[in-house]
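**Student:** For reference, this is start-v4.txt, and it has compact mmCIF, C-alpha atoms and all ligand atoms.
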# COMPACT_ATOMS: atom_id res chain seq x y z
CA MET Q 1198 140.71 112.57 98.87
CA PRO Q 1199 143.35 110.75 96.85
CA LEU Q 1200 143.82 107.07 97.53
CA PHE Q 1201 147.26 105.65 97.94
CA ASN Q 1202 149.08 104.24 95.01
CA LYS Q 1203 150.34 100.97 96.41
CA THR Q 1204 152.36 99.92 93.40
CA LYS Q 1205 155.01 102.62 93.24
CA LYS Q 1206 158.48 101.19 93.80
CA THR Q 1207 160.31 102.10 96.97
CA GLU Q 1208 163.66 103.82 97.21
CA TYR Q 1209 164.22 103.10 100.85
CA THR Q 1210 165.25 99.45 100.63
CA ALA Q 1211 168.61 100.35 99.13
CA LYS Q 1212 169.38 102.68 102.03
CA SER Q 1213 169.08 99.96 104.61
CA SER Q 1214 171.17 97.41 102.78
CA GLY Q 1215 174.55 98.66 104.06
CA THR Q 1216 176.06 96.28 106.62
CA SER Q 1217 176.08 98.49 109.68
CA GLN Q 1218 172.75 100.13 108.84
CA SER Q 1219 171.02 96.84 108.09
CA ARG Q 1220 172.28 95.45 111.38
CA LEU Q 1221 170.79 98.43 113.17
CA SER Q 1222 167.52 97.93 111.31
CA GLU Q 1223 167.53 94.29 112.29
CA ARG Q 1224 168.09 95.21 115.95
CA LEU Q 1225 165.23 97.69 115.87
CA SER Q 1226 162.96 95.29 114.02
CA LYS Q 1227 160.43 94.86 116.83
CA THR Q 1228 159.50 98.54 116.81
CA ARG Q 1229 159.79 98.70 113.05
CA ASN Q 1230 157.45 95.76 112.56
CA ALA Q 1231 154.97 97.26 115.01
CA LEU Q 1232 154.97 100.48 113.00
CA ALA Q 1233 154.69 98.53 109.74
CA ARG Q 1234 151.63 96.70 111.03
CA GLY Q 1235 150.05 99.94 112.19
CA PHE Q 1236 150.81 101.85 109.00
CA SER Q 1237 149.88 99.11 106.55
CA GLY Q 1238 146.27 99.36 107.68
CA LEU Q 1239 146.32 102.97 106.46
CA LEU Q 1240 147.20 102.06 102.92
CA GLY Q 1241 144.33 99.83 101.87
CA GLY Q 1242 142.81 100.98 98.58
CA ALA Q 1243 139.37 101.63 100.06
CA HIS Q 1244 140.58 104.02 102.75
CA GLU Q 1245 139.66 107.67 102.69
CA ILE Q 1246 142.04 110.08 104.38
CA ASP Q 1247 139.59 111.31 106.97
CA ALA Q 1248 139.50 111.89 110.73
CA GLU Q 1249 139.29 108.16 111.35
CA TRP Q 1250 142.35 107.56 109.17
CA PHE Q 1251 144.33 110.05 111.26
CA ASP Q 1252 143.06 108.40 114.46
CA ASP Q 1253 144.37 105.07 113.17
CA MET Q 1254 147.69 106.67 112.38
CA GLU Q 1255 147.93 108.16 115.85
CA GLU Q 1256 147.20 104.76 117.32
CA ALA Q 1257 150.00 103.19 115.26
CA LEU Q 1258 152.48 105.82 116.47
CA ILE Q 1259 151.40 105.65 120.09
CA SER Q 1260 151.52 101.86 120.12
CA ALA Q 1261 155.25 102.13 119.32
CA ASP Q 1262 155.48 104.44 122.36
CA LEU Q 1263 156.18 107.65 120.53
CA GLY Q 1264 153.94 109.43 122.98
CA VAL Q 1265 151.06 111.80 122.41
CA ALA Q 1266 152.92 115.05 121.71
CA PRO Q 1267 155.40 113.71 119.09
CA SER Q 1268 152.60 111.71 117.45
CA ALA Q 1269 150.52 114.86 117.19
CA LYS Q 1270 153.42 116.70 115.55
CA ILE Q 1271 153.92 113.93 113.02
CA ILE Q 1272 150.22 113.87 112.23
CA ARG Q 1273 150.20 117.63 111.76
CA ARG Q 1274 152.99 117.28 109.21
CA VAL Q 1275 151.12 114.51 107.37
CA LYS Q 1276 147.97 116.65 107.36
CA ARG Q 1277 149.90 119.48 105.74
CA ALA Q 1278 151.10 117.06 103.06
CA VAL Q 1279 147.48 115.99 102.47
CA GLU Q 1280 146.42 119.63 102.15
CA ARG Q 1281 149.16 120.21 99.58
CA LYS Q 1282 147.93 117.09 97.78
CA ALA Q 1283 151.43 115.71 98.25
CA LEU Q 1284 150.39 112.41 99.77
CA ARG Q 1285 149.83 109.84 97.07
CA SER Q 1286 151.99 106.87 97.96
CA ALA Q 1287 153.51 104.97 100.85
CA GLU Q 1288 156.74 106.80 100.07
CA ASP Q 1289 155.05 110.18 100.50
CA LEU Q 1290 153.61 109.11 103.83
CA LEU Q 1291 156.96 107.83 105.07
CA SER Q 1292 158.73 110.91 103.84
CA ALA Q 1293 156.42 113.24 105.80
CA ILE Q 1294 156.89 111.09 108.92
CA ARG Q 1295 160.64 110.98 108.39
CA ASP Q 1296 160.91 114.77 108.09
CA GLU Q 1297 158.99 115.40 111.30
CA MET Q 1298 160.98 112.75 113.18
CA ALA Q 1299 164.20 114.42 112.05
CA THR Q 1300 162.92 117.76 113.37
CA ILE Q 1301 162.02 116.23 116.74
CA LEU Q 1302 165.38 114.45 117.00
CA LYS Q 1303 167.50 117.42 115.99
CA PRO Q 1304 168.52 118.49 119.52
CA CYS Q 1305 169.56 114.90 120.35
CA ASP Q 1306 172.07 114.50 117.57
CA GLN Q 1307 175.10 116.44 118.76
CA ASN Q 1308 178.82 115.94 118.55
CA TRP Q 1309 180.29 114.82 121.80
CA ALA Q 1310 182.89 117.41 122.70
CA LEU Q 1311 185.11 116.13 125.50
CA ASP Q 1312 186.24 119.61 126.39
CA ALA Q 1313 188.04 118.96 129.66
CA ARG Q 1314 190.68 116.57 130.90
CA PRO Q 1315 189.85 114.44 132.68
CA TYR Q 1316 186.31 114.71 131.39
CA VAL Q 1317 184.16 113.40 134.24
CA LEU Q 1318 181.07 111.48 133.15
CA LEU Q 1319 178.67 110.55 135.93
CA VAL Q 1320 176.31 107.76 134.88
CA VAL Q 1321 172.96 107.53 136.67
CA GLY Q 1322 169.65 105.74 136.35
CA VAL Q 1323 167.22 103.34 137.97
CA ASN Q 1324 168.05 99.71 138.72
CA GLY Q 1325 168.96 97.36 135.93
CA VAL Q 1326 168.63 99.77 133.00
CA GLY Q 1327 172.11 98.87 131.74
CA LYS Q 1328 174.38 101.47 133.35
CA THR Q 1329 177.38 99.27 134.06
CA THR Q 1330 177.24 97.46 130.73
CA THR Q 1331 176.85 100.77 128.90
CA ILE Q 1332 179.84 102.23 130.75
CA ALA Q 1333 181.97 99.31 129.58
CA LYS Q 1334 180.74 99.82 126.01
CA ILE Q 1335 181.41 103.56 126.15
CA ALA Q 1336 184.90 102.89 127.50
CA GLN Q 1337 185.55 100.57 124.60
CA TRP Q 1338 184.23 103.10 122.12
CA LEU Q 1339 186.37 105.89 123.61
CA MET Q 1340 189.46 103.71 123.49
CA ALA Q 1341 188.81 103.12 119.81
CA GLN Q 1342 188.87 106.95 119.50
CA LYS Q 1343 192.33 106.85 121.12
CA LYS Q 1344 191.12 108.25 124.43
CA SER Q 1345 192.51 107.00 127.72
CA VAL Q 1346 189.74 105.98 130.09
CA MET Q 1347 189.39 105.27 133.79
CA LEU Q 1348 186.38 103.84 135.58
CA ALA Q 1349 185.14 104.48 139.11
CA ALA Q 1350 183.09 101.79 140.85
CA ALA Q 1351 180.88 104.11 142.86
CA ASP Q 1352 178.07 101.57 143.04
CA THR Q 1353 179.07 100.52 146.52
CA PHE Q 1354 175.48 99.63 147.34
CA ARG Q 1355 174.75 96.41 145.47
CA ALA Q 1356 176.74 93.29 146.27
CA ALA Q 1357 178.87 92.24 143.26
CA ALA Q 1358 178.59 95.64 141.56
CA VAL Q 1359 182.24 96.47 142.21
CA GLU Q 1360 183.23 93.05 140.93
CA GLN Q 1361 181.12 93.47 137.79
CA LEU Q 1362 182.88 96.72 136.86
CA THR Q 1363 186.29 95.40 137.84
CA ARG Q 1364 185.79 92.42 135.53
CA TRP Q 1365 184.92 94.78 132.68
CA GLY Q 1366 188.05 96.78 133.51
CA GLU Q 1367 190.17 93.66 133.23
CA ARG Q 1368 188.57 92.65 129.96
CA LEU Q 1369 189.03 96.08 128.43
CA GLN Q 1370 192.33 96.78 130.18
CA VAL Q 1371 191.00 99.94 131.73
CA PRO Q 1372 191.98 100.98 135.29
CA VAL Q 1373 189.11 100.76 137.78
CA ILE Q 1374 189.14 102.75 141.03
CA ALA Q 1375 187.18 100.84 143.66
CA GLN Q 1376 186.71 100.43 147.37
CA ALA Q 1377 184.91 97.76 149.35
CA GLN Q 1378 181.15 97.31 149.08
CA GLY Q 1379 179.39 99.58 151.57
CA SER Q 1380 182.02 102.32 151.46
CA ASP Q 1381 181.12 105.92 150.70
CA ALA Q 1382 180.29 106.36 147.01
CA ALA Q 1383 181.35 110.02 147.11
CA ALA Q 1384 184.75 109.01 148.50
CA VAL Q 1385 185.22 106.60 145.60
CA ALA Q 1386 184.37 109.37 143.13
CA HIS Q 1387 186.76 111.73 144.94
CA ASP Q 1388 189.68 109.26 144.84
CA ALA Q 1389 188.93 108.38 141.26
CA LEU Q 1390 189.10 112.00 140.14
CA LEU Q 1391 192.45 112.50 141.92
CA SER Q 1392 193.73 109.33 140.33
CA ALA Q 1393 192.46 110.26 136.84
CA ARG Q 1394 194.21 113.61 137.20
CA ALA Q 1395 197.44 112.00 138.34
CA LYS Q 1396 197.36 109.59 135.41
CA SER Q 1397 196.25 112.29 132.94
CA ALA Q 1398 193.30 110.21 131.82
CA ASP Q 1399 191.14 111.74 129.11
CA VAL Q 1400 187.85 110.48 130.51
CA LEU Q 1401 186.72 109.27 133.92
CA ILE Q 1402 183.43 107.38 133.90
CA ILE Q 1403 181.71 106.96 137.26
CA ASP Q 1404 179.33 104.02 137.73
CA THR Q 1405 176.62 104.55 140.31
CA ALA Q 1406 174.10 102.30 142.02
CA GLY Q 1407 170.70 101.91 140.43
CA ARG Q 1408 168.10 103.83 142.43
CA GLN Q 1409 164.46 104.85 142.42
CA HIS Q 1410 163.66 108.51 142.95
CA THR Q 1411 161.68 107.53 146.04
CA GLN Q 1412 164.88 106.32 147.74
CA THR Q 1413 165.67 109.70 149.21
CA GLU Q 1414 168.93 108.66 150.86
CA LEU Q 1415 170.30 107.28 147.63
CA MET Q 1416 169.21 110.37 145.71
CA GLU Q 1417 170.96 112.50 148.34
CA GLN Q 1418 174.06 110.36 147.83
CA LEU Q 1419 174.11 111.39 144.16
CA ARG Q 1420 173.94 115.06 145.13
CA LYS Q 1421 176.77 114.51 147.58
CA MET Q 1422 178.87 112.89 144.87
CA LYS Q 1423 178.39 115.96 142.71
CA ARG Q 1424 179.31 118.30 145.59
CA VAL Q 1425 182.46 116.33 146.41
CA LEU Q 1426 183.57 116.26 142.78
CA GLN Q 1427 182.88 119.99 142.46
CA LYS Q 1428 185.13 120.74 145.42
CA LEU Q 1429 188.01 119.19 143.51
CA GLU Q 1430 186.99 120.54 140.14
CA PRO Q 1431 184.22 123.15 139.87
CA ALA Q 1432 183.20 122.00 136.39
CA ALA Q 1433 182.92 118.34 137.41
CA PRO Q 1434 181.02 116.26 136.68
CA HIS Q 1435 181.21 117.65 133.18
CA GLU Q 1436 178.25 115.54 132.19
CA VAL Q 1437 175.55 113.60 134.00
CA LEU Q 1438 174.37 110.89 131.64
CA GLN Q 1439 171.17 109.03 132.43
CA VAL Q 1440 170.71 105.53 131.10
CA LEU Q 1441 167.12 104.65 130.19
CA ASP Q 1442 165.80 101.22 129.31
CA ALA Q 1443 163.74 101.68 126.13
CA GLY Q 1444 161.59 98.71 127.16
CA THR Q 1445 160.11 100.67 130.06
CA GLY Q 1446 158.27 102.86 127.56
CA GLN Q 1447 156.69 106.04 128.87
CA ASN Q 1448 158.08 105.33 132.35
CA ALA Q 1449 161.42 106.48 131.02
CA LEU Q 1450 160.02 110.03 130.89
CA SER Q 1451 159.20 110.17 134.59
CA GLN Q 1452 162.55 108.58 135.46
CA LEU Q 1453 164.31 111.31 133.55
CA GLU Q 1454 162.17 114.00 135.12
CA HIS Q 1455 162.97 112.81 138.64
CA PHE Q 1456 166.72 112.44 138.10
CA ASN Q 1457 166.85 115.74 136.31
CA GLN Q 1458 165.21 117.45 139.26
CA ALA Q 1459 167.58 115.78 141.71
CA VAL Q 1460 170.95 116.13 140.00
CA GLY Q 1461 170.48 117.79 136.63
CA VAL Q 1462 170.80 115.43 133.69
CA ASN Q 1463 172.82 116.58 130.65
CA SER Q 1464 172.48 113.66 128.28
CA VAL Q 1465 170.89 110.26 127.88
CA CYS Q 1466 171.59 106.82 126.55
CA LEU Q 1467 168.69 104.57 125.51
CA THR Q 1468 169.44 100.88 126.01
CA LYS Q 1469 167.76 97.61 125.07
CA LEU Q 1470 166.25 99.00 121.89
CA ASP Q 1471 166.82 95.52 120.47
CA GLY Q 1472 164.38 93.84 122.83
CA THR Q 1473 161.37 96.08 122.57
CA ALA Q 1474 158.60 97.24 120.27
CA LYS Q 1475 158.59 100.50 122.25
CA GLY Q 1476 161.61 102.11 120.56
CA GLY Q 1477 159.50 105.17 119.73
CA ILE Q 1478 160.15 106.27 123.32
CA LEU Q 1479 163.33 107.88 122.06
CA LEU Q 1480 161.20 110.41 120.20
CA ALA Q 1481 159.10 111.06 123.28
CA VAL Q 1482 162.29 111.69 125.30
CA ALA Q 1483 163.63 113.96 122.56
CA ASP Q 1484 160.42 115.92 122.30
CA LYS Q 1485 160.09 116.49 126.03
CA PHE Q 1486 163.69 117.06 127.11
CA ALA Q 1487 165.66 117.97 123.98
CA LEU Q 1488 168.82 116.47 125.52
CA PRO Q 1489 171.69 114.99 123.54
CA VAL Q 1490 171.31 111.23 123.09
CA ARG Q 1491 174.91 110.08 123.26
CA PHE Q 1492 174.44 106.43 122.44
CA ILE Q 1493 171.83 103.79 121.84
CA GLY Q 1494 172.20 100.24 123.10
CA VAL Q 1495 171.07 97.53 120.73
CA GLY Q 1496 172.34 94.35 122.38
CA GLU Q 1497 174.36 92.86 125.19
CA GLY Q 1498 177.73 92.64 123.43
CA ALA Q 1499 180.51 95.17 123.96
CA SER Q 1500 180.10 96.43 120.40
CA ASP Q 1501 176.31 96.78 120.58
CA LEU Q 1502 176.47 100.45 121.39
CA ARG Q 1503 176.07 103.08 118.71
CA PRO Q 1504 176.71 106.78 118.79
CA PHE Q 1505 173.31 108.31 118.11
CA ASP Q 1506 172.72 109.49 114.57
CA LYS Q 1507 169.20 110.71 113.88
CA HIS Q 1508 169.13 109.69 110.24
CA GLN Q 1509 170.47 106.21 110.90
CA PHE Q 1510 168.00 105.83 113.72
CA ILE Q 1511 165.02 106.94 111.64
CA ASP Q 1512 166.09 104.73 108.73
CA ALA Q 1513 166.22 101.77 111.09
CA LEU Q 1514 163.01 102.59 112.90
CA LEU Q 1515 160.73 103.35 110.00
CA PRO Q 1516 159.45 100.52 107.87
CA VAL Q 1517 160.33 100.69 104.20
CA ALA Q 1518 157.44 101.27 101.84
CA ASP Q 1519 157.49 97.64 100.68
CA MET Q 1520 156.81 96.49 104.22
CA LEU Q 1521 153.61 98.50 104.23
CA ARG Q 1522 152.44 96.87 101.01
CA SER Q 1523 153.03 93.36 102.27
CA PRO Q 1524 153.48 93.40 106.03
CA ASN Q 1525 154.81 90.23 107.67
N1 LIG R 1 169.40 93.25 125.05
C1 LIG R 1 170.10 94.20 125.67
N2 LIG R 1 170.51 94.02 126.92
C2 LIG R 1 171.20 95.00 127.52
C3 LIG R 1 171.52 96.21 126.86
N3 LIG R 1 172.21 96.99 127.72
C4 LIG R 1 172.31 96.29 128.86
N4 LIG R 1 171.71 95.08 128.76
C5 LIG R 1 171.58 94.03 129.78
O1 LIG R 1 170.85 94.53 130.88
C6 LIG R 1 171.24 93.83 132.07
C7 LIG R 1 171.52 94.83 133.18
O2 LIG R 1 172.67 95.56 132.85
P1 LIG R 1 173.57 96.31 133.90
O3 LIG R 1 174.60 97.03 133.12
O4 LIG R 1 174.04 95.41 134.98
O5 LIG R 1 172.51 97.33 134.49
P2 LIG R 1 172.72 98.40 135.65
O6 LIG R 1 171.88 99.57 135.30
O7 LIG R 1 174.15 98.64 135.87
O8 LIG R 1 172.08 97.63 136.89
P3 LIG R 1 172.22 98.03 138.43
O9 LIG R 1 173.61 98.40 138.69
O10 LIG R 1 171.77 96.81 139.17
O11 LIG R 1 171.26 99.16 138.65
C8 LIG R 1 172.46 93.00 131.68
O12 LIG R 1 172.06 91.66 131.49
C9 LIG R 1 172.91 93.61 130.37
O13 LIG R 1 173.59 92.71 129.54
C10 LIG R 1 171.06 96.39 125.50
O14 LIG R 1 171.26 97.42 124.85
N5 LIG R 1 170.36 95.35 124.97
MG MG R 2 175.30 98.56 137.58
Written as C-alpha cells, that's how I'd like the structure from this file.
**Tutor:**
Amino acid sequence: MPLFNKTKKTEYTAKSSGTSQSRLSERLSKTRNALARGFSGLLGGAHEIDAEWFDDMEEALISADLGVAPSAKIIRRVKRAVERKALRSAEDLLSAIRDEMATILKPCDQNWALDARPYVLLVVGVNGVGKTTTIAKIAQWLMAQKKSVMLAAADTFRAAAVEQLTRWGERLQVPVIAQAQGSDAAAVAHDALLSARAKSADVLIIDTAGRQHTQTELMEQLRKMKRVLQKLEPAAPHEVLQVLDAGTGQNALSQLEHFNQAVGVNSVCLTKLDGTAKGGILLAVADKFALPVRFIGVGEGASDLRPFDKHQFIDALLPVADMLRSPN
C-alpha cells in the first residue's frame, strides 16, 4: 500500500482565510481539532493502509460524534480511493472525506422558501437547547432580509420565559404577543396568528416551552397548538423547527425522533457548535433524517447564527492538511 506523502503543500488554508469563513472555522475549532488529532495518527510514515488503519479512522470520526452510519459511508469512500490508488497525501484523504460529507449533507442545504404570509414557524425542542435565543437570532436575520417578523411567547410554562422573549422583542423592535405565565399556550399561538394576519407580518415565530418527550401533557400541548393553528389556517404551522444542542451528541438523534413522532418536525437548527467537540452530530442528524438544517448556532451573540451552507460547514469542520502534519 502507498504511504502518505506528508510534504505536499496544502491548498485548503487559503479557503479558510476569508473573514466570515475563518470566524466559522474558529468557532468550530473544538470539533476540528478533535478530528485533526484523530486523523494525524493516520498519516505517520510507517503506517500501512490496512484494516487497523480504517479502524483508527472510524474511531476518529466517531469521537467527533459523526455516528456509526455516516462514518461507515465516509470510510467506504476512502476505501474506494485506496482501491483506485488515489490516496497518496493528506489532501487526497481530506478530499475523499469532504466529498462524502457533502453527499450526506446534501438534503440539509436547502433554500428557505417562505411561501406563505404570515409564514408560521413553530420552534420546539427539549429544555435549554437554545430555542428562545435562536428565535431572536432568526428574527434578526429575517429583518435583515427585509421581512417583517412577529414573535409569540407560547412558553407559558417556565417562569421568566415570557419576559425573556419580550426583552428580545424590545431589543430587536419586534412585536411580541404574550399572555401571563400559566395561560394556555395554544391560546397564545391562536391570538398571535390572528394578530400577525391583521398586521400583515411576513413571519410569525412561536416560542414554546422546553420539554422532554416523557412529559406527556406537554407533548400533548404541542399537538393542541398545531390543531388550534390549523383551525385558523390549514397550512399552519408551515414549519416545525426543532432546535438541537450539538453538545448533547448522539442524544440529539433520539430527541429528534421523539419530537418528530409527536408533532412532525420539518427542519432543524443545531446550536452551541462553538462549545463542543461533538459537531459531527450534524452529519449524524443529516444521515438519519435528511431534514433541512436552517441555521447553525455558533455563539451567544445575536449575530452568531448562520444559515446552513454545507460547503462552508465542511470547510470549517475539517482540519486543513497542514494541521494533520503538525497537529497542535
Ligand atoms: N455558546 C452558545 N450558547 C448558546 C447558543 N445558543 C444558545 N445558547 C445559550 O444557551 C442558553 C439557553 O438558551 P435559551 O435560548 O434560553 O434556551 P431555550 O431552549 O429557550 O431554554 P428553555 O426555554 O428553558 O427550554 C443561553 O445561555 C444561550 O445564550 C450557541 O449557539 N452557542
Ligand atoms: Mg426558551
**Student:** Using all atoms listed in the file, which protein or nucleic acid residues are at most 6 Å from ligand MG 2 (chain R), as number ranges by chain?
**Tutor:** Q: 1328-1329, 1358, 1406
**Student:** How would you report the residues lying within 6 Å of ligand LIG 1 (chain R), as a PyMOL selection string, if you count only C-alpha atoms and all ligand atoms?
**Tutor:** chain Q and resi 1323-1330+1406-1407+1468-1469+1471-1472+1494-1497
**Student:** Between Q:Gly1461, Q:Gly1477, Q:Pro1431, Q:Pro1304, which is the closest to Thr1445 (chain Q) once you count all atoms listed in the file?
**Tutor:**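 Ranked by minimum distance to Thr1445 (chain Q), first place goes to Q:Gly1477.
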**Student:** If I take CA of Val1371 (chain Q) and CA of Gln1337 (chain Q), how far is one from the other in Å, to one decimal?
**Tutor:** 9.0 Å
**Student:** Between Q:His1410, Q:Arg1314, Q:Arg1295, Q:Lys1344, which one has atoms that come closest to Gln1452 (chain Q), using all atoms listed in the file?
**Tutor:**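 Residue with the minimum atom-to-atom distance to Gln1452 (chain Q): Q:His1410.
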**Student:** Let me make sure I understand: among Q:Gln1412, Q:Gln1418, Q:Ser1226, Q:Thr1300, which one has the smallest atom-to-atom distance to Ala1261 (chain Q) if we use all atoms listed in the file?
**Tutor:**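 Smallest distance to Ala1261 (chain Q) is found for Q:Ser1226.
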**Student:** Looking at Q:Gly1379, Q:Gly1444, Q:Glu1414, Q:Val1317, which one is nearest to Arg1394 (chain Q), with distances taken over all atoms listed in the file?
**Tutor:** Q:Val1317
**Student:** So what do you get for CA of Val1400 (chain Q) versus CA of Ala1459 (chain Q), distance-wise?
**Tutor:**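 Atom-to-atom, CA of Val1400 (chain Q) to CA of Ala1459 (chain Q), that is 23.8 Å.
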**Student:** For a quick check of understanding, using all atoms listed in the file, which of Q:Arg1229, Q:Arg1220, Q:Arg1503, Q:Lys1423 has the smallest distance to His1435 (chain Q)?
**Tutor:**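 Using all atoms listed in the file, His1435 (chain Q) sits closest to Q:Lys1423.
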**Student:** Give as a ChimeraX atom specification every residue, naming chains and numbers as the document does, that has an atom within 9 Å of (185.4, 107.1, 148.8), counting all atoms listed in the file.
**Tutor:** /Q:1351,1375-1376,1380-1389
**Student:** How would the residues just picked look written out with C-alpha atoms as an mmCIF file, in the coordinates of the input?
**Tutor:**
data_model
loop_
_atom_site.group_PDB
_atom_site.id
_atom_site.type_symbol
_atom_site.label_atom_id
_atom_site.label_comp_id
_atom_site.auth_asym_id
_atom_site.auth_seq_id
_atom_site.Cartn_x
_atom_site.Cartn_y
_atom_site.Cartn_z
ATOM 1 C CA ALA Q 1351 180.880 104.110 142.860
ATOM 2 C CA ALA Q 1375 187.180 100.840 143.660
ATOM 3 C CA GLN Q 1376 186.710 100.430 147.370
ATOM 4 C CA SER Q 1380 182.020 102.320 151.460
ATOM 5 C CA ASP Q 1381 181.120 105.920 150.700
ATOM 6 C CA ALA Q 1382 180.290 106.360 147.010
ATOM 7 C CA ALA Q 1383 181.350 110.020 147.110
ATOM 8 C CA ALA Q 1384 184.750 109.010 148.500
ATOM 9 C CA VAL Q 1385 185.220 106.600 145.600
ATOM 10 C CA ALA Q 1386 184.370 109.370 143.130
ATOM 11 C CA HIS Q 1387 186.760 111.730 144.940
ATOM 12 C CA ASP Q 1388 189.680 109.260 144.840
ATOM 13 C CA ALA Q 1389 188.930 108.380 141.260
#
